Amino acid sequence: MQTVQDLIRTTRMTQLDDPDGTTWTDTAMLHGLNEALRMLCLLRPDATSTIVSLTTVAGTRQTIPADGERLLKAVRNINADDTIGRAVRLVNQADLDAMSPDWHQQVGTRVSEYCFDGRTPKWFYIYPAVGVGKKLEIEYSKTPPLLTLDDMEDELPVSVVFSQPLQELMLYKLLSGDASRGQGSANHMQIAVQLLGLKVASEVFSSPTKNDSGQ
């Protein structure tokens with residue numbers, strides 16, 4: 001387990017040459033870490049992914065939970081007895097509009113397909129509408145928690161595999177206001193993006209137009 005304090009201590013010792021926190025206080029380091037977590041969530045939404053059973057509302061438009069930043073995937077229906085139901089398929093909304101312009105008015109007993117536009121990441125559309133109270137399993141990206149001094153001994157809110165790019169993002173935020181180290185700050189950002197994967201980072205912002213099978 002890697003704690004918040006572990007990451008801060010490592011960053012001070014290996015990158016900032018400030019093992020005793022003389023220059024970079026815990027408050028300053030936490031501010032940088034909180035900013036880095038928000039950037040990480042933007043670049044790699046899967047870093048804060050979680051799965052829940054979403055209770056549907058009336059109509060085709062559904063909204064992810066209040067603590068969410070963006071939908072990652074609608075997975076499957078959940079039956080009334082909480083057993084696993086039919087899988088849900090991602091489709092292109094333009095295709096659905098063309099094939100069945102009145103699809104928003106159609107009602108069924110289970111969701112077959114869903115549409116998602118990355119420009120509006122907190123809601124999506126289901127087909128057919130299933131009314132109030134049905135359950136749909138979704139995966140979404142949660143808003144990173146705001147860490148305080150009371151959280152120093154807590155586990156990092158993301159997987160340890162993201163600790164290195166998270167450290168680089170933190171250094172980018174901490175050093176970006178220092179004119180004498182401006183180029184170094186940019187280098188930290190570049191390293192972070194490389195560690196996260198340029199291809200992955202660019203795909204996150206595109207609107208899905210294909211289902212998981214690539215069709």
# chains A, B, ... in the order shown; residues from 1 in each chain; ligands from 1
call {"tool": "residues_around", "arguments": {"residues": "Gln15 in chain A", "least_positions_apart": "4", "cutoff": "9 Å", "atoms": "only C-alpha atoms", "output": "JSON, numbers by chain"}}
result
{"A": [10, 11, 171]}
call {"tool": "residues_around", "arguments": {"residues": "Leu30 in chain A", "least_positions_apart": "4", "cutoff": "7 Å", "atoms": "only C-alpha atoms", "output": "PDB file with C-alpha atoms, in the first residue's frame"}}
result
ATOM      1  CA  ASP A  26       2.858  19.480   3.527  1.00  0.00           C
ATOM      2  CA  ASN A  34      -4.804  17.512  -5.500  1.00  0.00           C
ATOM      3  CA  LEU A 147      -7.012  15.413   0.206  1.00  0.00           C
ATOM      4  CA  THR A 148      -6.254  17.268   3.441  1.00  0.00           C
TER       5      THR A 148
END
call {"tool": "residues_around", "arguments": {"residues": "Asn187 in chain A", "least_positions_apart": "6", "cutoff": "12 Å", "atoms": "only C-alpha atoms", "output": "compact mmCIF listing (two decimals) with N, CA and C atoms, in the first residue's frame"}}
result
# COMPACT_ATOMS: atom_id res chain seq x y z
N GLU A 168 4.86 13.00 -11.48
CA GLU A 168 5.31 13.94 -12.51
C GLU A 168 4.30 15.07 -12.70
N LEU A 169 3.01 14.76 -12.63
CA LEU A 169 1.99 15.80 -12.73
C LEU A 169 2.05 16.74 -11.53
N LEU A 171 4.75 17.49 -9.81
CA LEU A 171 5.92 18.34 -10.00
C LEU A 171 5.64 19.42 -11.05
N TYR A 172 4.88 19.06 -12.07
CA TYR A 172 4.50 20.05 -13.08
C TYR A 172 3.72 21.20 -12.44
N LYS A 173 2.75 20.86 -11.57
CA LYS A 173 1.95 21.90 -10.92
C LYS A 173 2.78 22.70 -9.92
N LEU A 175 6.03 23.28 -9.88
CA LEU A 175 7.14 24.05 -10.45
C LEU A 175 6.71 25.01 -11.55
N SER A 176 5.47 24.91 -12.01
CA SER A 176 5.06 25.73 -13.15
C SER A 176 5.07 27.22 -12.84
N ARG A 181 12.53 27.48 -13.18
CA ARG A 181 12.44 26.04 -13.44
C ARG A 181 11.31 25.74 -14.41
N VAL A 193 2.74 12.50 -19.53
CA VAL A 193 1.92 12.11 -20.68
C VAL A 193 2.50 10.86 -21.35
N GLN A 194 3.81 10.79 -21.44
CA GLN A 194 4.44 9.61 -22.03
C GLN A 194 4.17 8.37 -21.18
call {"tool": "residues_around", "arguments": {"residues": "Leu136 in chain A", "least_positions_apart": "3", "cutoff": "7 Å", "atoms": "only C-alpha atoms", "output": "mmCIF file with C-alpha atoms, in the first residue's frame"}}
result
data_model
loop_
_atom_site.group_PDB
_atom_site.id
_atom_site.type_symbol
_atom_site.label_atom_id
_atom_site.label_comp_id
_atom_site.auth_asym_id
_atom_site.auth_seq_id
_atom_site.Cartn_x
_atom_site.Cartn_y
_atom_site.Cartn_z
ATOM 1 C CA SER A 53 -25.830 -0.263 -10.504
ATOM 2 C CA LEU A 54 -27.537 2.866 -11.790
ATOM 3 C CA THR A 55 -31.279 3.192 -11.234
ATOM 4 C CA ARG A 76 -25.356 -4.705 -18.715
ATOM 5 C CA ASN A 77 -28.886 -4.800 -17.397
ATOM 6 C CA ILE A 78 -29.468 -5.903 -13.812
#
call {"tool": "select_by_dssp", "arguments": {"residues": "range 20-78 of chain A", "states": "helix (DSSP H, G or I)", "output": "VMD selection string"}}
result
chain A and resid 26 to 43 45 to 48
call {"tool": "select_by_dssp", "arguments": {"residues": "chain A", "states": "strand (DSSP E)", "output": "JSON, numbers by chain"}}
result
{"A": [49, 50, 51, 52, 53, 54, 55, 61, 62, 63, 68, 69, 70, 71, 72, 73, 74, 75, 76, 77, 78, 84, 85, 86, 87, 89, 90, 113, 114, 115, 123, 124, 125, 126, 127, 135, 136, 137, 138, 139, 140, 141, 142]}
call {"tool": "write_last_selection", "arguments": {"atoms": "C-alpha atoms", "output": "PDB file, in the first residue's frame"}}
result
ATOM      1  CA  SER A  49     -13.074   4.237 -12.390  1.00  0.00           C
ATOM      2  CA  THR A  50     -15.799   2.529 -10.385  1.00  0.00           C
ATOM      3  CA  ILE A  51     -18.753   0.260 -11.180  1.00  0.00           C
ATOM      4  CA  VAL A  52     -22.268   0.800  -9.834  1.00  0.00           C
ATOM      5  CA  SER A  53     -25.830  -0.263 -10.504  1.00  0.00           C
ATOM      6  CA  LEU A  54     -27.537   2.866 -11.790  1.00  0.00           C
ATOM      7  CA  THR A  55     -31.279   3.192 -11.234  1.00  0.00           C
ATOM      8  CA  ARG A  61     -31.372  10.358 -21.172  1.00  0.00           C
ATOM      9  CA  GLN A  62     -29.602   9.037 -18.076  1.00  0.00           C
ATOM     10  CA  THR A  63     -27.101  10.790 -15.793  1.00  0.00           C
ATOM     11  CA  GLY A  68     -18.828  11.240 -11.377  1.00  0.00           C
ATOM     12  CA  GLU A  69     -16.803  13.040 -14.033  1.00  0.00           C
ATOM     13  CA  ARG A  70     -17.622  10.975 -17.111  1.00  0.00           C
ATOM     14  CA  LEU A  71     -19.202   7.746 -18.233  1.00  0.00           C
ATOM     15  CA  LEU A  72     -16.723   5.056 -19.239  1.00  0.00           C
ATOM     16  CA  LYS A  73     -19.100   2.273 -20.235  1.00  0.00           C
ATOM     17  CA  ALA A  74     -22.632   0.957 -19.813  1.00  0.00           C
ATOM     18  CA  VAL A  75     -22.136  -2.747 -19.197  1.00  0.00           C
ATOM     19  CA  ARG A  76     -25.356  -4.705 -18.715  1.00  0.00           C
ATOM     20  CA  ASN A  77     -28.886  -4.800 -17.397  1.00  0.00           C
ATOM     21  CA  ILE A  78     -29.468  -5.903 -13.812  1.00  0.00           C
ATOM     22  CA  ILE A  84     -27.077 -10.338 -14.213  1.00  0.00           C
ATOM     23  CA  GLY A  85     -29.120  -9.355 -17.262  1.00  0.00           C
ATOM     24  CA  ARG A  86     -28.492  -8.806 -20.936  1.00  0.00           C
ATOM     25  CA  ALA A  87     -25.386  -6.943 -22.103  1.00  0.00           C
ATOM     26  CA  ARG A  89     -24.150  -2.391 -26.767  1.00  0.00           C
ATOM     27  CA  LEU A  90     -22.604   0.966 -27.635  1.00  0.00           C
ATOM     28  CA  GLU A 113     -28.118  -0.168 -26.668  1.00  0.00           C
ATOM     29  CA  TYR A 114     -26.696   3.115 -25.471  1.00  0.00           C
ATOM     30  CA  CYS A 115     -25.202   6.246 -27.052  1.00  0.00           C
ATOM     31  CA  TRP A 123     -25.003  11.766 -19.361  1.00  0.00           C
ATOM     32  CA  PHE A 124     -25.854   9.207 -22.010  1.00  0.00           C
ATOM     33  CA  TYR A 125     -28.873   7.850 -23.855  1.00  0.00           C
ATOM     34  CA  ILE A 126     -30.383   4.375 -23.635  1.00  0.00           C
ATOM     35  CA  TYR A 127     -32.494   2.474 -26.143  1.00  0.00           C
ATOM     36  CA  LYS A 135     -31.115  -1.092 -12.965  1.00  0.00           C
ATOM     37  CA  LEU A 136     -28.209  -0.725 -15.333  1.00  0.00           C
ATOM     38  CA  GLU A 137     -24.605  -1.542 -14.468  1.00  0.00           C
ATOM     39  CA  ILE A 138     -22.255   1.223 -15.559  1.00  0.00           C
ATOM     40  CA  GLU A 139     -18.590   2.069 -15.196  1.00  0.00           C
ATOM     41  CA  TYR A 140     -17.743   5.723 -14.652  1.00  0.00           C
ATOM     42  CA  SER A 141     -14.870   7.954 -13.586  1.00  0.00           C
ATOM     43  CA  LYS A 142     -15.249   9.423 -10.103  1.00  0.00           C
TER      44      LYS A 142
END
call {"tool": "residues_around", "arguments": {"residues": "Pro157 in chain A", "least_positions_apart": "3", "cutoff": "10 Å", "atoms": "only C-alpha atoms", "output": "short mmCIF file (atom, residue, chain, number, x, y, z; two decimals) with C-alpha atoms, in the first residue's frame"}}
result
data_model
loop_
_atom_site.label_atom_id
_atom_site.label_comp_id
_atom_site.auth_asym_id
_atom_site.auth_seq_id
_atom_site.Cartn_x
_atom_site.Cartn_y
_atom_site.Cartn_z
CA GLN A 2 1.27 3.45 -0.91
CA THR A 3 0.02 6.30 1.24
CA VAL A 4 -0.33 9.98 0.46
CA LEU A 37 -5.18 14.07 -9.28
CA ALA A 47 -7.60 5.94 -13.05
CA THR A 48 -10.63 6.70 -10.85
CA PRO A 144 -10.90 12.58 -7.14
CA PRO A 145 -11.28 13.26 -3.41
CA LEU A 146 -9.86 16.51 -2.06
CA LEU A 147 -7.01 15.41 0.21
CA ASP A 154 -4.42 7.19 3.94
CA VAL A 160 -0.14 2.33 -7.40
#
call {"tool": "closest_residue", "arguments": {"among": "A:Leu16, A:Leu96, A:Val111, A:Met1", "to": "Gly184 in chain A", "atoms": "only C-alpha atoms"}}
result
A:Leu16
